[in-house]
Amino acid sequence: MTVAKKIGGGYWLASIILIGLGFLSYRSTTTLVANNRAAAHTELVLADLESLISLLKDAETGQRGFLLTGKESYLEPYATALSKIDTTFDDLRRLTNDNPNQQRRLDELKLVVRDKLKELDQTISLMKAQGFDAALKVVNNDSGKYMMDEIRSLVLKMRKEESELLQRRTAEVEASAQTTVYTIGIGTLAAIIFTQVAGVLIARSIVNPLSKVVEIAQKIAEGNLTAEKLTYAGKDELGHLAAVFNQMLDGLKDLATQTVSVTGNINNAAAEIMASTQQQAASTKEQATAIQQITSTMAETSRSGSEIIDRAKQVATAAEAASATSKSGIQAVQNTNATMQAIREQVEEVAENIVALSEKAQAVGEIIATVNEIAEQSNLLALNATIEAVSAGSEGSRFSVVANEMKNLADQAKECTVQVRAILGEIQKGINTSVMLTEEAVKRVESGKKQTDVSEQTIHSVSETTESSIQAFQQIIGAANQQQIGFEQVTQGMQSIRQAAEQTAASTSQHEKAVANLTALSQQLRRAVSNYKLN
């Protein structure tokens, strides 16, 4: 048998014993529970019988209290008993359903109880209808007492039989409990004994070969590879373990022999690798130093290129601002030129209006001269009319008044014409002065327009020159940016080379440490192998 089968057989044996013990315990426990239920069933029957007697006593007590006092409140126990007696009979019939004798006695008891209740009801009804004396006659005939005696007799017989049943069932319960205890105790003890015996036998069949394996393994751990091989010839897992263990012992002997011969070669190769690694580490450090210097120079060149680009960008920004200002100046000059042209046109219109006013002033002068002549003639006519009125005497007095008024009007008109002529003379002088000033303004406007044209051409030239400068600066910035990108790429490449050199140096240092460790390990391996006994 294999080890697994041995252990499994032991577990199966223990399981079978436990199953048998559980089955016996189950049967004993089931019997105990059934006997307990039967005993409890009997106790319920006894309790219902006591309850029935108690209810009849309550009914009789309520009837006597009512007969003695005549108060219906004393009938409450009687009413309560009536409501519970039928339920108690139903419970007793259900509980004694398996006992024909008890069922027969229960039928007899029910008839007697019914008669007793009729007797109680009759006395109560007579008390209510005819009074105490009529009810007392029924009570005094002792029929109620006989019925209660018969009820007690029947209940006593039923109680006796149930008590006997309770004794038998109690004895059965005790016997079942004792049997259950014996079954569980003896079965558990037997299971422990059989399990221990089986465990010892199985353990011996497994531990003895394993002890031999541990003994030889301890010798191998101490470096003794000359230990004898295992001789266990079983076909179970232990036999397979012995065969594999013997193969392992042979393999360790071969490995130790080969390791002794290889460690010398490893030391020589490690020494050569150490020398070449040290040379490579020195050259790598020199290379890393040179790359560091080149990287610093490229970084400084890149920073100066960045400063040149920044300055060129600032100059380009200033040139663009100047170009924008030139464009604004051109726009302002063009606006000024247009304004000068509008002023010239307005001045010419003013000159034309002044000339027209001068002509109208001359026409007004001619009109005033005519008015002056009319006034003088009116004055002459008024003088002649006055003379004629004086000649006419009293009849011409009214005409003389009109003539005087005409003379006054003519004088006033003449004075006004003199004033208007003076004002027109001043207006004519002002018009002439305005005409001269207007002509001078037109000349100055033409001169200003010519100057603004020259300014516009000059600003155009400056703007074109500024735009050319901006394009040149933009080309310079583009070239500088490309140069800066080139510097950055070269710097990145040098940094990559530097990192690679540093990584190479680090890896070389690691190789050097690894070779040193390899040498140390080779020496440790040689010392470890030297502990093994091969012969």
# chains A, B, ... in the order shown; residues from 1 in each chain; ligands from 1

call {"tool": "residues_around", "arguments": {"residues": "Asp107 (chain A)", "least_positions_apart": "3", "cutoff": "12 Å", "atoms": "only C-alpha atoms", "output": "PyMOL selection string"}}
result
chain A and resi 89-90+92-93+96+100-104+110-114+151+154-155+158

call {"tool": "closest_atom_pairs", "arguments": {"of": "region 55-74 of chain A", "to": "region 127-146 of chain A", "cutoff": "10 Å", "atoms": "only C-alpha atoms", "output": "CSV"}}
result
residue,atom,partner,partner_atom,distance
A:Glu60,CA,A:Gly144,CA,9.4
A:Gln63,CA,A:Met127,CA,9.9
A:Arg64,CA,A:Val139,CA,9.6
A:Phe66,CA,A:Met127,CA,8.3
A:Leu67,CA,A:Phe132,CA,6.4
A:Leu68,CA,A:Phe132,CA,7.9
A:Thr69,CA,A:Phe132,CA,9.4
A:Gly70,CA,A:Met127,CA,7.7
A:Glu72,CA,A:Lys128,CA,9.5

call {"tool": "write_last_selection", "arguments": {"atoms": "all heavy atoms", "output": "mmCIF file, in the first residue's frame"}}
result
data_model
loop_
_atom_site.group_PDB
_atom_site.id
_atom_site.type_symbol
_atom_site.label_atom_id
_atom_site.label_comp_id
_atom_site.auth_asym_id
_atom_site.auth_seq_id
_atom_site.Cartn_x
_atom_site.Cartn_y
_atom_site.Cartn_z
ATOM 1 N N GLU A 60 -69.828 25.776 39.736
ATOM 2 C CA GLU A 60 -70.650 25.532 40.922
ATOM 3 C C GLU A 60 -70.518 26.677 41.927
ATOM 4 O O GLU A 60 -71.498 27.107 42.558
ATOM 5 C CB GLU A 60 -70.230 24.214 41.564
ATOM 6 C CG GLU A 60 -71.246 23.658 42.542
ATOM 7 C CD GLU A 60 -70.870 22.255 42.999
ATOM 8 O OE1 GLU A 60 -69.663 22.052 43.307
ATOM 9 O OE2 GLU A 60 -71.740 21.369 43.001
ATOM 10 N N GLN A 63 -72.636 29.533 40.732
ATOM 11 C CA GLN A 63 -74.073 29.253 40.932
ATOM 12 C C GLN A 63 -74.461 29.472 42.390
ATOM 13 O O GLN A 63 -75.471 30.089 42.699
ATOM 14 C CB GLN A 63 -74.352 27.816 40.497
ATOM 15 C CG GLN A 63 -75.788 27.397 40.731
ATOM 16 C CD GLN A 63 -75.869 26.259 41.759
ATOM 17 O OE1 GLN A 63 -74.866 25.893 42.373
ATOM 18 N NE2 GLN A 63 -77.071 25.735 41.947
ATOM 19 N N ARG A 64 -73.660 28.992 43.338
ATOM 20 C CA ARG A 64 -73.971 29.142 44.762
ATOM 21 C C ARG A 64 -73.914 30.614 45.186
ATOM 22 O O ARG A 64 -74.751 31.083 45.957
ATOM 23 C CB ARG A 64 -72.998 28.325 45.587
ATOM 24 C CG ARG A 64 -73.223 26.824 45.441
ATOM 25 C CD ARG A 64 -72.160 26.040 46.170
ATOM 26 N NE ARG A 64 -72.361 24.604 46.011
ATOM 27 C CZ ARG A 64 -71.532 23.669 46.474
ATOM 28 N NH1 ARG A 64 -70.420 24.037 47.108
ATOM 29 N NH2 ARG A 64 -71.787 22.382 46.300
ATOM 30 N N PHE A 66 -74.573 33.179 43.319
ATOM 31 C CA PHE A 66 -75.764 33.849 42.794
ATOM 32 C C PHE A 66 -76.988 33.483 43.626
ATOM 33 O O PHE A 66 -77.849 34.330 43.904
ATOM 34 C CB PHE A 66 -75.950 33.456 41.331
ATOM 35 C CG PHE A 66 -77.204 34.043 40.717
ATOM 36 C CD1 PHE A 66 -77.324 35.409 40.471
ATOM 37 C CD2 PHE A 66 -78.278 33.214 40.405
ATOM 38 C CE1 PHE A 66 -78.491 35.925 39.924
ATOM 39 C CE2 PHE A 66 -79.431 33.741 39.846
ATOM 40 C CZ PHE A 66 -79.532 35.094 39.598
ATOM 41 N N LEU A 67 -77.086 32.183 44.022
ATOM 42 C CA LEU A 67 -78.246 31.764 44.821
ATOM 43 C C LEU A 67 -78.257 32.437 46.179
ATOM 44 O O LEU A 67 -79.310 32.791 46.698
ATOM 45 C CB LEU A 67 -78.245 30.244 44.985
ATOM 46 C CG LEU A 67 -78.480 29.409 43.710
ATOM 47 C CD1 LEU A 67 -78.418 27.920 44.020
ATOM 48 C CD2 LEU A 67 -79.801 29.759 43.043
ATOM 49 N N LEU A 68 -77.104 32.656 46.759
ATOM 50 C CA LEU A 68 -77.047 33.241 48.089
ATOM 51 C C LEU A 68 -77.249 34.753 48.063
ATOM 52 O O LEU A 68 -77.848 35.325 48.987
ATOM 53 C CB LEU A 68 -75.701 32.926 48.750
ATOM 54 C CG LEU A 68 -75.465 31.436 49.098
ATOM 55 C CD1 LEU A 68 -74.055 31.224 49.601
ATOM 56 C CD2 LEU A 68 -76.484 30.968 50.139
ATOM 57 N N THR A 69 -76.761 35.416 47.055
ATOM 58 C CA THR A 69 -76.798 36.886 47.025
ATOM 59 C C THR A 69 -77.826 37.430 46.063
ATOM 60 O O THR A 69 -78.316 38.550 46.237
ATOM 61 C CB THR A 69 -75.426 37.439 46.626
ATOM 62 O OG1 THR A 69 -75.086 36.983 45.310
ATOM 63 C CG2 THR A 69 -74.355 36.973 47.621
ATOM 64 N N GLY A 70 -78.130 36.671 45.019
ATOM 65 C CA GLY A 70 -79.048 37.174 43.998
ATOM 66 C C GLY A 70 -78.374 38.166 43.041
ATOM 67 O O GLY A 70 -79.039 38.746 42.179
ATOM 68 N N GLU A 72 -76.052 39.030 39.932
ATOM 69 C CA GLU A 72 -75.581 38.343 38.713
ATOM 70 C C GLU A 72 -74.079 38.460 38.520
ATOM 71 O O GLU A 72 -73.490 37.728 37.716
ATOM 72 C CB GLU A 72 -76.311 38.891 37.488
ATOM 73 C CG GLU A 72 -77.806 38.570 37.479
ATOM 74 C CD GLU A 72 -78.454 38.926 36.159
ATOM 75 O OE1 GLU A 72 -77.720 39.406 35.257
ATOM 76 O OE2 GLU A 72 -79.664 38.725 36.017
#

call {"tool": "atom_distance", "arguments": {"atom1": "CA of Thr325 (chain A)", "atom2": "CA of Glu307 (chain A)"}}
result
26.8 Å

call {"tool": "closest_residue", "arguments": {"among": "A:Thr179, A:Gln510, A:Asn408, A:Ser15", "to": "Phe194 (chain A)", "atoms": "only C-alpha atoms"}}
result
A:Ser15

call {"tool": "atom_distance", "arguments": {"atom1": "CA of Ala47 (chain A)", "atom2": "CA of Leu166 (chain A)"}}
result
12.4 Å
